[in-house]
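Enquirer: My file is my_file_8.txt. It has compact mmCIF, C-alpha atoms and all ligand atoms:
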# COMPACT_ATOMS: atom_id res chain seq x y z
CA MET A 27 261.90 135.04 31.56
CA SER A 28 265.20 133.45 30.51
CA SER A 29 266.75 130.80 32.68
CA ASN A 30 269.62 133.28 33.44
CA SER A 31 267.31 135.92 34.87
CA PRO A 32 267.46 136.28 38.64
CA GLN A 33 264.69 134.28 40.26
CA PRO A 34 262.41 136.06 42.72
CA ALA A 35 263.11 134.97 46.26
CA ALA A 36 260.73 132.21 47.27
CA THR A 37 258.29 133.61 49.81
CA THR A 38 256.41 131.48 52.27
CA PRO A 39 252.89 132.81 52.54
CA ALA A 40 252.25 134.04 56.06
CA PRO A 41 249.91 131.63 57.85
CA ALA A 42 246.36 132.95 58.05
CA LYS A 43 245.99 134.88 61.27
CA PRO A 44 243.35 133.24 63.42
CA PRO A 45 240.59 135.72 64.24
CA PHE A 46 240.58 137.34 67.65
CA VAL A 47 237.36 136.43 69.46
CA LYS A 48 236.69 138.61 72.49
CA GLY A 49 235.78 136.56 75.54
CA LEU A 50 236.28 133.39 73.43
CA ALA A 51 232.53 133.59 72.69
CA GLY A 52 231.54 130.73 70.42
CA VAL A 53 235.10 129.37 70.21
CA VAL A 54 235.16 125.59 70.45
CA ALA A 55 238.12 124.95 72.76
CA ALA A 56 237.52 121.31 73.77
CA GLN A 57 235.58 118.21 72.89
CA THR A 58 233.54 116.80 75.72
CA ALA A 59 231.23 113.86 76.27
CA ILE A 60 230.12 115.07 79.71
CA SER A 61 227.40 117.62 79.10
CA HIS A 62 225.80 119.27 76.11
CA VAL A 63 224.52 122.83 76.35
CA ASP A 64 222.13 123.31 73.47
CA GLY A 65 221.52 127.05 73.48
CA PRO A 66 219.01 127.45 70.62
CA ASN A 67 216.83 124.67 72.02
CA SER A 68 217.34 125.65 75.67
CA THR A 69 218.35 122.12 76.54
CA LEU A 70 220.98 120.68 78.86
CA ILE A 71 222.07 117.06 78.61
CA TYR A 72 224.36 115.09 80.93
CA ARG A 73 225.96 112.04 79.28
CA GLY A 74 223.07 111.86 76.80
CA ILE A 75 220.23 112.31 79.30
CA ASN A 76 218.08 115.44 79.45
CA ILE A 77 218.36 117.19 82.84
CA ASN A 78 214.56 117.40 83.00
CA ASP A 79 214.44 113.59 83.19
CA LEU A 80 217.27 113.46 85.69
CA VAL A 81 215.91 116.11 88.03
CA ALA A 82 212.49 114.42 88.03
CA GLN A 83 213.80 110.94 88.77
CA ALA A 84 217.39 110.79 89.96
CA THR A 85 219.18 111.66 93.19
CA TYR A 86 222.34 113.76 93.23
CA GLU A 87 224.34 110.61 94.02
CA GLU A 88 223.10 108.92 90.82
CA VAL A 89 223.78 112.01 88.75
CA ALA A 90 227.23 112.47 90.29
CA TYR A 91 228.05 108.88 89.33
CA LEU A 92 226.68 109.47 85.83
CA VAL A 93 228.74 112.63 85.34
CA LEU A 94 231.92 111.10 86.76
CA PHE A 95 231.79 107.63 85.18
CA GLY A 96 229.67 108.22 82.07
CA THR A 97 226.79 105.84 82.72
CA LEU A 98 223.98 105.56 85.24
CA PRO A 99 224.95 103.24 88.10
CA ASN A 100 223.17 99.95 88.70
CA ALA A 101 221.96 99.29 92.25
CA SER A 102 225.22 97.83 93.56
CA GLN A 103 227.38 100.48 91.87
CA LEU A 104 225.20 103.18 93.39
CA ALA A 105 225.38 101.59 96.85
CA GLU A 106 229.17 101.39 96.60
CA PHE A 107 229.45 105.00 95.38
CA ASP A 108 227.11 106.22 98.11
CA ALA A 109 229.11 104.35 100.75
CA LYS A 110 232.33 105.96 99.49
CA LEU A 111 230.77 109.42 99.64
CA LYS A 112 229.59 108.79 103.20
CA ALA A 113 232.93 107.34 104.29
CA ASN A 114 234.78 110.42 103.03
CA ARG A 115 232.72 113.19 104.61
CA ASP A 116 235.07 113.96 107.49
CA LEU A 117 237.57 116.80 107.19
CA PRO A 118 241.21 116.44 108.16
CA GLN A 119 241.39 117.55 111.79
CA ALA A 120 243.91 120.28 110.91
CA ILE A 121 241.40 121.83 108.48
CA THR A 122 238.67 122.03 111.13
CA ALA A 123 241.18 123.56 113.54
CA TRP A 124 242.18 126.11 110.88
CA LEU A 125 238.53 127.13 110.37
CA TYR A 126 238.47 128.36 113.99
CA THR A 127 241.40 130.69 113.31
CA LEU A 128 239.72 132.62 110.48
CA PRO A 129 238.39 136.16 110.91
CA LYS A 130 234.61 135.83 111.23
CA GLU A 131 234.04 138.04 108.18
CA THR A 132 235.98 135.71 105.87
CA VAL A 133 233.82 135.04 102.82
CA PRO A 134 232.92 131.32 102.55
CA MET A 135 234.02 131.06 98.90
CA GLU A 136 237.48 132.18 100.00
CA VAL A 137 237.42 129.59 102.76
CA LEU A 138 236.55 126.89 100.23
CA ARG A 139 239.20 127.98 97.78
CA THR A 140 241.95 128.01 100.41
CA ALA A 141 240.69 124.87 102.18
CA VAL A 142 240.73 122.76 99.00
CA SER A 143 244.26 123.86 98.36
CA MET A 144 245.19 123.03 101.97
CA MET A 145 243.41 119.67 101.89
CA ALA A 146 245.91 118.61 99.25
CA HIS A 147 248.49 118.49 102.05
CA TYR A 148 246.50 115.71 103.72
CA GLU A 149 246.12 113.54 100.60
CA ASP A 150 248.50 110.61 100.34
CA ASP A 151 248.37 110.58 96.58
CA VAL A 152 247.98 114.27 95.83
CA GLN A 153 250.43 114.53 92.94
CA SER A 154 249.03 111.59 91.02
CA ILE A 155 247.07 112.31 87.88
CA SER A 156 246.21 108.67 87.24
CA ILE A 157 242.53 108.21 86.49
CA ASP A 158 241.94 105.88 89.46
CA SER A 159 243.60 108.22 91.90
CA THR A 160 241.78 111.24 90.49
CA ILE A 161 238.42 109.47 90.81
CA ALA A 162 239.16 108.56 94.43
CA LYS A 163 240.16 112.15 95.21
CA ALA A 164 237.12 113.53 93.35
CA ILE A 165 234.76 111.42 95.46
CA ARG A 166 236.51 112.52 98.65
CA LEU A 167 236.43 116.20 97.69
CA THR A 168 232.75 115.96 96.71
CA ALA A 169 231.96 114.57 100.14
CA GLN A 170 234.26 116.96 102.02
CA LEU A 171 233.07 120.15 100.36
CA THR A 172 229.61 119.92 101.98
CA THR A 173 231.17 119.29 105.40
CA LEU A 174 233.49 122.23 104.90
CA CYS A 175 230.64 124.62 104.08
CA ALA A 176 228.57 123.52 107.06
CA ALA A 177 231.49 123.45 109.49
CA TYR A 178 232.63 126.96 108.58
CA GLN A 179 229.07 128.28 108.86
CA ARG A 180 228.66 126.76 112.33
CA ILE A 181 232.06 127.96 113.53
CA ARG A 182 231.51 131.55 112.41
CA GLU A 183 228.16 131.49 114.22
CA GLY A 184 230.07 130.50 117.36
CA LYS A 185 228.62 126.97 117.33
CA ALA A 186 230.31 123.58 117.18
CA PRO A 187 230.34 121.83 113.79
CA ILE A 188 227.84 118.99 113.46
CA ALA A 189 229.32 115.62 112.52
CA PRO A 190 228.05 114.12 109.25
CA ASN A 191 225.19 111.63 109.62
CA ALA A 192 225.80 108.45 107.64
CA ASP A 193 222.07 107.63 107.69
CA LEU A 194 221.39 110.65 105.52
CA SER A 195 221.76 111.23 101.78
CA HIS A 196 224.30 113.73 100.46
CA SER A 197 221.62 116.45 100.23
CA ALA A 198 219.84 115.74 103.53
CA ASN A 199 223.19 115.57 105.32
CA MET A 200 224.17 118.95 103.88
CA LEU A 201 221.11 120.60 105.44
CA TYR A 202 221.46 118.56 108.64
CA MET A 203 225.09 119.64 109.17
CA LEU A 204 224.04 123.27 108.74
CA ASN A 205 221.24 123.43 111.29
CA GLY A 206 221.27 120.16 113.23
CA GLN A 207 217.82 119.08 112.10
CA VAL A 208 217.09 116.25 109.71
CA PRO A 209 215.26 118.03 106.87
CA SER A 210 211.79 117.07 105.67
CA LYS A 211 211.61 114.98 102.51
CA ASP A 212 210.49 118.07 100.54
CA LEU A 213 213.56 120.05 101.53
CA GLU A 214 215.87 117.09 100.89
CA VAL A 215 214.41 116.58 97.42
CA ALA A 216 214.71 120.28 96.62
CA MET A 217 218.36 120.36 97.77
CA SER A 218 219.09 117.27 95.69
CA ALA A 219 217.32 118.77 92.65
CA TYR A 220 219.42 121.92 92.98
CA PHE A 221 222.59 119.81 93.13
CA VAL A 222 221.44 117.77 90.10
CA LEU A 223 220.80 120.88 88.02
CA LEU A 224 224.19 122.43 88.76
CA ALA A 225 226.35 119.31 88.36
CA ASP A 226 227.88 120.22 85.02
CA HIS A 227 227.62 122.83 82.31
CA SER A 228 230.14 122.24 79.57
CA LEU A 229 232.95 124.77 79.17
CA ASN A 230 231.83 127.55 81.51
CA ALA A 231 234.49 129.81 83.05
CA SER A 232 235.28 127.69 86.11
CA THR A 233 235.32 124.41 84.17
CA PHE A 234 237.55 125.95 81.54
CA THR A 235 239.86 127.10 84.34
CA ALA A 236 239.93 123.58 85.80
CA ARG A 237 240.73 122.15 82.37
CA VAL A 238 243.49 124.66 81.68
CA ILE A 239 245.14 123.74 84.98
CA ALA A 240 244.65 120.00 84.35
CA SER A 241 246.12 120.41 80.86
CA THR A 242 249.46 121.27 82.49
CA GLN A 243 249.21 117.87 84.24
CA ALA A 244 248.73 119.51 87.62
CA ASP A 245 246.74 117.49 90.15
CA LEU A 246 243.02 117.54 90.92
CA HIS A 247 243.28 119.74 94.03
CA SER A 248 245.14 122.40 92.00
CA SER A 249 242.49 122.30 89.27
CA ILE A 250 239.61 122.53 91.74
CA SER A 251 241.24 125.39 93.67
CA GLY A 252 241.45 127.35 90.40
CA ALA A 253 237.88 126.46 89.47
CA LEU A 254 236.64 127.73 92.83
CA ALA A 255 238.45 131.01 92.28
CA ALA A 256 236.76 131.42 88.90
CA LEU A 257 233.33 130.45 90.23
CA LYS A 258 233.49 133.16 92.88
CA GLY A 259 232.97 136.10 90.51
CA PRO A 260 229.52 137.72 90.23
CA LEU A 261 229.40 137.14 86.48
CA HIS A 262 229.60 133.39 87.15
CA GLY A 263 228.66 131.53 90.35
CA GLY A 264 228.51 134.67 92.46
CA ALA A 265 225.36 135.75 90.60
CA ASN A 266 223.09 133.73 92.93
CA GLU A 267 224.25 135.74 95.95
CA ALA A 268 224.02 138.99 93.99
CA THR A 269 220.46 138.07 92.96
CA MET A 270 219.36 137.53 96.56
CA ASN A 271 220.92 140.82 97.56
CA THR A 272 218.98 142.46 94.73
CA LEU A 273 215.70 140.96 95.97
CA LEU A 274 216.45 142.19 99.48
CA GLU A 275 217.37 145.62 98.14
CA ILE A 276 214.05 145.79 96.24
CA GLY A 277 212.45 144.81 99.52
CA GLU A 278 208.74 144.79 98.69
CA PRO A 279 206.65 143.73 95.68
CA ASP A 280 205.50 147.34 95.14
CA ASN A 281 209.09 148.39 94.57
CA VAL A 282 209.76 145.90 91.77
CA ASP A 283 208.61 147.91 88.75
CA PRO A 284 210.30 151.20 89.70
CA TRP A 285 213.46 149.32 90.67
CA VAL A 286 213.66 147.52 87.32
CA ASP A 287 212.80 150.71 85.37
CA ASN A 288 215.59 152.48 87.18
CA ALA A 289 218.04 149.61 86.57
CA PHE A 290 217.47 149.88 82.83
CA ALA A 291 217.55 153.68 82.89
CA THR A 292 220.90 153.62 84.65
CA LYS A 293 222.21 150.65 82.63
CA ARG A 294 222.60 148.57 85.77
CA LEU A 295 223.21 144.86 85.27
CA ILE A 296 220.35 142.83 86.69
CA MET A 297 221.89 139.84 88.34
CA GLY A 298 220.51 136.42 87.44
CA PHE A 299 219.52 137.48 83.91
CA GLY A 300 221.16 136.78 80.58
CA HIS A 301 223.42 133.97 79.50
CA ARG A 302 226.29 133.57 77.09
CA ILE A 303 224.71 130.55 75.41
CA TYR A 304 221.03 130.33 76.37
CA LYS A 305 219.59 133.31 74.56
CA ASN A 306 216.06 131.81 74.60
CA GLY A 307 216.01 130.82 78.25
CA ASP A 308 217.97 128.60 80.60
CA PRO A 309 216.38 125.15 81.03
CA ARG A 310 217.60 124.96 84.63
CA ALA A 311 215.82 128.19 85.47
CA ARG A 312 212.49 126.65 84.47
CA VAL A 313 212.87 123.81 86.96
CA LEU A 314 214.21 126.14 89.63
CA THR A 315 211.22 128.46 89.19
CA ARG A 316 208.90 125.61 90.13
CA LEU A 317 211.09 124.53 93.04
CA ALA A 318 211.40 128.07 94.40
CA ASP A 319 207.60 128.47 94.24
CA GLU A 320 206.95 125.11 95.92
CA ILE A 321 209.53 125.41 98.70
CA GLY A 322 208.63 129.07 99.28
CA ARG A 323 205.02 128.01 99.88
CA LYS A 324 206.01 125.01 102.03
CA VAL A 325 208.20 127.04 104.39
CA GLY A 326 205.81 129.99 104.40
CA MET A 327 208.28 132.33 102.68
CA ASP A 328 206.97 132.70 99.13
CA LYS A 329 207.50 136.47 99.05
CA TYR A 330 210.85 136.22 97.27
CA ALA A 331 209.72 133.70 94.66
CA LYS A 332 206.70 135.92 93.95
CA MET A 333 208.91 138.98 93.68
CA SER A 334 211.22 137.03 91.36
CA HIS A 335 208.28 136.41 89.00
CA MET A 336 207.50 140.13 89.09
CA VAL A 337 211.12 141.05 88.33
CA GLU A 338 211.09 138.59 85.42
CA LYS A 339 207.97 140.21 83.95
CA ALA A 340 209.32 143.72 84.50
CA VAL A 341 212.64 142.86 82.81
CA GLN A 342 210.77 141.39 79.84
CA ARG A 343 208.93 144.68 79.37
CA HIS A 344 212.31 146.31 78.68
CA ARG A 345 214.08 143.67 76.63
CA GLU A 346 214.08 139.99 75.81
CA LEU A 347 216.29 138.81 78.64
CA TYR A 348 215.60 135.57 80.49
CA PRO A 349 216.47 134.46 84.01
CA ASN A 350 219.46 132.16 84.22
CA VAL A 351 220.20 129.34 86.67
CA ASP A 352 221.14 131.77 89.42
CA PHE A 353 217.94 133.80 89.48
CA TYR A 354 215.47 131.36 91.00
CA SER A 355 218.28 129.51 92.80
CA ALA A 356 218.46 132.58 95.02
CA SER A 357 214.96 132.40 96.48
CA LEU A 358 215.12 128.59 96.58
CA LEU A 359 218.37 128.49 98.59
CA TYR A 360 217.13 131.30 100.83
CA CYS A 361 213.99 129.29 101.65
CA LEU A 362 216.14 126.22 102.32
CA GLY A 363 217.76 128.25 105.10
CA ILE A 364 221.12 128.68 103.39
CA PRO A 365 222.91 131.93 104.34
CA ILE A 366 223.37 134.18 101.30
CA ASP A 367 227.15 134.01 101.16
CA LEU A 368 226.91 130.20 101.18
CA PHE A 369 224.92 130.21 97.91
CA THR A 370 228.00 130.11 95.68
CA PRO A 371 229.62 127.43 97.87
CA MET A 372 226.41 125.38 97.36
CA PHE A 373 226.91 125.77 93.61
CA ALA A 374 230.48 124.51 94.11
CA CYS A 375 229.27 121.53 96.18
CA SER A 376 227.38 120.38 93.12
CA ARG A 377 229.76 121.46 90.34
CA ILE A 378 232.75 119.76 91.98
CA ILE A 379 231.68 116.57 90.24
CA GLY A 380 231.51 118.22 86.82
CA TRP A 381 234.89 119.88 87.33
CA SER A 382 236.38 116.52 88.32
CA ALA A 383 234.93 114.76 85.27
CA HIS A 384 236.37 117.50 83.04
CA VAL A 385 239.78 117.22 84.71
CA ILE A 386 239.75 113.47 83.97
CA GLU A 387 238.61 114.10 80.38
CA GLN A 388 241.42 116.63 80.01
CA TYR A 389 244.03 114.18 81.37
CA LYS A 390 242.83 111.65 78.79
CA ASP A 391 243.02 114.27 76.04
CA SER A 392 246.59 114.98 77.07
CA VAL A 393 247.07 118.32 75.38
CA LEU A 394 248.30 121.58 76.85
CA ILE A 395 245.72 124.36 76.52
CA ARG A 396 247.66 127.37 75.41
CA PRO A 397 245.84 129.84 73.16
CA ALA A 398 247.48 132.78 71.44
CA ALA A 399 246.97 136.49 72.02
CA GLU A 400 246.92 139.31 69.52
CA TYR A 401 249.63 141.78 70.50
CA VAL A 402 248.32 145.34 70.40
CA GLY A 403 251.13 147.02 72.33
CA ARG A 404 253.94 149.24 71.06
CA LEU A 405 256.82 147.93 68.97
CA GLY A 406 260.33 149.25 68.33
CA GLU A 407 260.73 151.06 71.64
CA SER A 408 264.24 151.42 72.96
CA TYR A 409 265.43 150.92 76.50
CA THR A 410 265.91 154.16 78.40
CA ALA A 411 268.38 154.15 81.23
CA ILE A 412 266.65 154.73 84.57
CA GLU A 413 268.31 158.12 85.19
CA ASN A 414 266.88 159.39 81.89
CA ARG A 415 263.24 158.41 82.51
C1 LIG B 501 225.84 136.16 81.85
C2 LIG B 501 226.37 137.34 81.04
C3 LIG B 501 227.80 137.63 81.52
C4 LIG B 501 226.37 136.95 79.57
O1 LIG B 501 227.03 137.94 78.90
P1 LIG B 501 227.18 138.00 77.31
O2 LIG B 501 226.93 136.70 76.66
O3 LIG B 501 228.49 138.60 77.08
O4 LIG B 501 225.98 138.89 76.88
P2 LIG B 501 226.07 140.42 76.68
O5 LIG B 501 226.72 141.05 77.88
O6 LIG B 501 226.66 140.66 75.34
O7 LIG B 501 224.54 140.84 76.66
C5 LIG B 501 223.84 141.21 75.53
C6 LIG B 501 223.05 142.47 75.84
O8 LIG B 501 222.14 142.20 76.91
C7 LIG B 501 222.42 143.04 78.02
N1 LIG B 501 222.39 142.27 79.22
C8 LIG B 501 222.86 140.98 79.36
N2 LIG B 501 222.67 140.57 80.62
C9 LIG B 501 222.06 141.59 81.24
C10 LIG B 501 221.61 141.75 82.57
N3 LIG B 501 221.76 140.76 83.45
N4 LIG B 501 221.01 142.91 82.91
C11 LIG B 501 220.87 143.91 82.02
N5 LIG B 501 221.28 143.81 80.74
C12 LIG B 501 221.89 142.66 80.37
C13 LIG B 501 223.85 143.55 77.80
O9 LIG B 501 224.04 144.81 78.43
C14 LIG B 501 223.91 143.64 76.31
O10 LIG B 501 223.24 144.82 75.95
P3 LIG B 501 223.61 145.66 74.61
O11 LIG B 501 223.30 144.72 73.48
O12 LIG B 501 222.71 146.84 74.69
O13 LIG B 501 225.07 145.99 74.75
C15 LIG B 501 225.49 138.58 81.24
O14 LIG B 501 224.19 138.31 80.78
C16 LIG B 501 225.49 139.04 82.68
O15 LIG B 501 226.40 139.77 83.11
N6 LIG B 501 224.45 138.64 83.47
C17 LIG B 501 224.38 139.01 84.87
C18 LIG B 501 225.27 138.12 85.71
C19 LIG B 501 224.72 136.72 85.83
O16 LIG B 501 223.55 136.52 86.09
N7 LIG B 501 225.63 135.75 85.67
C20 LIG B 501 225.30 134.33 85.79
C21 LIG B 501 225.39 133.65 84.47
S1 LIG B 501 224.81 132.01 84.54
Now, as a test, write the supplied structure out as structure tokens.

Expert:
Amino acid sequence: MSSNSPQPAATTPAPAKPPFVKGLAGVVAAQTAISHVDGPNSTLIYRGININDLVAQATYEEVAYLVLFGTLPNASQLAEFDAKLKANRDLPQAITAWLYTLPKETVPMEVLRTAVSMMAHYEDDVQSISIDSTIAKAIRLTAQLTTLCAAYQRIREGKAPIAPNADLSHSANMLYMLNGQVPSKDLEVAMSAYFVLLADHSLNASTFTARVIASTQADLHSSISGALAALKGPLHGGANEATMNTLLEIGEPDNVDPWVDNAFATKRLIMGFGHRIYKNGDPRARVLTRLADEIGRKVGMDKYAKMSHMVEKAVQRHRELYPNVDFYSASLLYCLGIPIDLFTPMFACSRIIGWSAHVIEQYKDSVLIRPAAEYVGRLGESYTAIENR
């Protein structure tokens, strides 16, 4: 080509189109040092420590500290953290008064979601996203969430809320505020173990929601309100309630096999089974199986744990599908005397600490989360005047 020939216009190659991944499955959308969900090995790690070690040896308070601050507390750090949790258990008086105004059929998860948003109005430092302020608010919300659950439960039963008892641990106090009796050590340990197992789980739907909100530099209460809304759905935290309703619907051990056969024949989703990441089994479910068996026996209500084992076996006959965290949580929480529609709020009472740690991690990361979408709608349409439509 001579130098006088017209040169082809320089074209910039179109940037490679990132692949569309439905449901963001397998997409790595954040880096985190809080928890590691190792699907192939069915392992869950908080800040480097296997949950099996934590649930066997640590209280929820220790694990909450670990998740929030990154290291296990020494004795004085734990005492200080515990004292802060205890000192922050009370609800703003206006929130308790508001609980009395709610229609009795209001679902507790909705109460939690609205209450956390309202509690922002009673925080001096609500707008701050400084790390210190967010930690202080996270500790207060962690303490208040249990009081909120118990107070609403009592009020809708027509009873007066029970004031928190500063002599009791986070877990024992939760059960105490619900029914007015200091729980036995077995029940306290089981409640604490449940809280330990649910404290964090990497970038699940509610945590992702919290991080997206935090990435806009909105405050902690905004992030947690959004996380609660995401947790409510039956494909996420709501699965524990749906599982218990399934067990009650099955009713008797003799009904398990026909019920499961029918569920597969009619392509019905069996709540508490399957997981986006743990395809070989959920490590939390293994611990919860043991706890549900033990507590069921101790309180003389092992029917539902036994039926859960039968459902698990029946499901396995159809396909390789394992119980997830919510499956044995259901019979465990039921035996702990928790009303069914408080199961997901119990999940939230634990996960609040994980959400808070992720919000802080996201503030430190300081990047707006804003993915792209593939447009599949029409192009080139013209505007039609309203009288011509
Ligand atoms: C958790 C869940 C949303 C994961 O979904 P996912 O990663 O998208 O997995 P998929 O839906 O692709 O499941 C793979 C296959 O197993 C089946 N499957 C998954 N969970 C199932 C369940 N609980 N009951 C019956 N079949 C199920 C799916 O129908 C699908 O079948 P196919 O291959 O014939 O289409 C899903 O397992 C579910 O809905 N479980 C019930 C709700 C629940 O317990 N949620 C709590 C999660 S901790």

Enquirer: Residues up to 10 Å from ligand LIG 501 (chain B), counting only C-alpha atoms and all ligand atoms: could you list those as an mmCIF file with C-alpha atoms, in the coordinates of the input?

Expert:
data_model
loop_
_atom_site.group_PDB
_atom_site.id
_atom_site.type_symbol
_atom_site.label_atom_id
_atom_site.label_comp_id
_atom_site.auth_asym_id
_atom_site.auth_seq_id
_atom_site.Cartn_x
_atom_site.Cartn_y
_atom_site.Cartn_z
ATOM 1 C CA LYS A 48 236.690 138.610 72.490
ATOM 2 C CA GLY A 49 235.780 136.560 75.540
ATOM 3 C CA ALA A 51 232.530 133.590 72.690
ATOM 4 C CA GLY A 52 231.540 130.730 70.420
ATOM 5 C CA HIS A 227 227.620 122.830 82.310
ATOM 6 C CA ASN A 230 231.830 127.550 81.510
ATOM 7 C CA ALA A 231 234.490 129.810 83.050
ATOM 8 C CA LEU A 257 233.330 130.450 90.230
ATOM 9 C CA GLY A 259 232.970 136.100 90.510
ATOM 10 C CA PRO A 260 229.520 137.720 90.230
ATOM 11 C CA LEU A 261 229.400 137.140 86.480
ATOM 12 C CA HIS A 262 229.600 133.390 87.150
ATOM 13 C CA GLY A 263 228.660 131.530 90.350
ATOM 14 C CA GLY A 264 228.510 134.670 92.460
ATOM 15 C CA ALA A 265 225.360 135.750 90.600
ATOM 16 C CA ASN A 266 223.090 133.730 92.930
ATOM 17 C CA GLU A 267 224.250 135.740 95.950
ATOM 18 C CA ALA A 268 224.020 138.990 93.990
ATOM 19 C CA THR A 269 220.460 138.070 92.960
ATOM 20 C CA VAL A 286 213.660 147.520 87.320
ATOM 21 C CA ALA A 289 218.040 149.610 86.570
ATOM 22 C CA PHE A 290 217.470 149.880 82.830
ATOM 23 C CA LYS A 293 222.210 150.650 82.630
ATOM 24 C CA ARG A 294 222.600 148.570 85.770
ATOM 25 C CA LEU A 295 223.210 144.860 85.270
ATOM 26 C CA ILE A 296 220.350 142.830 86.690
ATOM 27 C CA MET A 297 221.890 139.840 88.340
ATOM 28 C CA GLY A 298 220.510 136.420 87.440
ATOM 29 C CA PHE A 299 219.520 137.480 83.910
ATOM 30 C CA GLY A 300 221.160 136.780 80.580
ATOM 31 C CA HIS A 301 223.420 133.970 79.500
ATOM 32 C CA ARG A 302 226.290 133.570 77.090
ATOM 33 C CA ILE A 303 224.710 130.550 75.410
ATOM 34 C CA TYR A 304 221.030 130.330 76.370
ATOM 35 C CA LYS A 305 219.590 133.310 74.560
ATOM 36 C CA ASP A 308 217.970 128.600 80.600
ATOM 37 C CA ALA A 311 215.820 128.190 85.470
ATOM 38 C CA VAL A 341 212.640 142.860 82.810
ATOM 39 C CA HIS A 344 212.310 146.310 78.680
ATOM 40 C CA ARG A 345 214.080 143.670 76.630
ATOM 41 C CA GLU A 346 214.080 139.990 75.810
ATOM 42 C CA LEU A 347 216.290 138.810 78.640
ATOM 43 C CA TYR A 348 215.600 135.570 80.490
ATOM 44 C CA PRO A 349 216.470 134.460 84.010
ATOM 45 C CA ASN A 350 219.460 132.160 84.220
ATOM 46 C CA VAL A 351 220.200 129.340 86.670
ATOM 47 C CA ASP A 352 221.140 131.770 89.420
ATOM 48 C CA PHE A 353 217.940 133.800 89.480
#

Enquirer: Val81 in chain A: which residues within 10 Å, counting all atoms listed in the file, same-chain residues fewer than 3 positions away excluded, as an MDAnalysis selection string?

Expert: chainID A and resid 76:78 84:86 89 215:216 218:223 310 313

Enquirer: At what distance in Å, to one decimal, does CA of Leu70 in chain A lie from CA of Pro309 in chain A?

Expert: 6.8 Å

Enquirer: Find the residues near Ala398 in chain A: any atom within 12 Å, counting only C-alpha atoms, skip ones fewer than 6 places away on the same chain, and give them as a ChimeraX atom specification.

Expert: /A:43-47,50

Enquirer: List the spatial neighbours of range 167-171 of chain A as a PyMOL selection string - criterion: any atom at most 10 Å away, all atoms listed in the file, same-chain residues fewer than 2 positions off excluded.

Expert: chain A and resi 90+108+110-118+138+141-142+145-146+161-165+173-177+190+196+200+246-247+250+371-372+374-379+382

Enquirer: Show which residues sit within 8 Å of Leu273 in chain A, as a PyMOL selection string. Count all atoms listed in the file, and ignore same-chain residues fewer than 4 positions away.

Expert: chain A and resi 269+277+330+333-334

Enquirer: May I ask for the distance between CA of Pro365 in chain A and CA of Leu204 in chain A, given in Å to one decimal place?

Expert: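 These atoms are spaced 9.8 Å apart.
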
Enquirer: Go through A:Ala186, A:Met135, A:Ala56, A:Leu125 one by one, measure the shortest atom-to-atom distance of each to Asn205 in chain A using all atoms listed in the file, and give the residue with the smallest value.

Expert: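 Looking only at the distances to Asn205 in chain A, the closest residue turns out to be A:Ala186.
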
Enquirer: In Å, rounded to a single decimal, give me how far CA of Gln103 in chain A is from CA of Glu387 in chain A.

Expert: 21.1 Å

Enquirer: Using only C-alpha atoms for the distances, tell me which of A:Pro397, A:Gly363, A:Gly326, A:Gly380 is nearest to Gln179 in chain A.

Expert: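 Nearest candidate to Gln179 in chain A out of A:Pro397, A:Gly363, A:Gly326, A:Gly380: A:Gly363.
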
Enquirer: Need the shell around Asp319 in chain A: protein/DNA/RNA residues with any atom at most 8 Å away, counting all atoms listed in the file. Skip same-chain ones fewer than 5 positions apart. Format as number ranges by chain?

Expert: A: 328, 331-332, 358

Enquirer: Pick the closest to Leu80 in chain A from A:Ala101, A:Val63, A:Leu92, A:Ala198: which is it, counting all atoms listed in the file?

Expert: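 That would be A:Leu92, the residue with the smallest distance to Leu80 in chain A.
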
Enquirer: Using all atoms listed in the file, which residue out of A:Ser159, A:Asp226, A:Glu400, A:Met336 lies closest to Asp283 in chain A?

Expert: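 The shortest atom-to-atom distance to Asp283 in chain A comes from A:Met336.
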
Enquirer: Between A:Ala109, A:Val137, A:Tyr126, A:Ser210, which residue has the minimum interatomic distance to Lys185 in chain A, considering all atoms listed in the file?

Expert: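 Going through A:Ala109, A:Val137, A:Tyr126, A:Ser210 one by one, the smallest distance to Lys185 in chain A is for A:Tyr126.
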
Enquirer: Select, from A:Ala105, A:Ala411, A:Ile386, A:Val393, the residue with the minimum atom-to-atom distance to Thr233 in chain A, counting all atoms listed in the file.

Expert: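 Closest to Thr233 in chain A, using all atoms listed in the file: A:Ile386.
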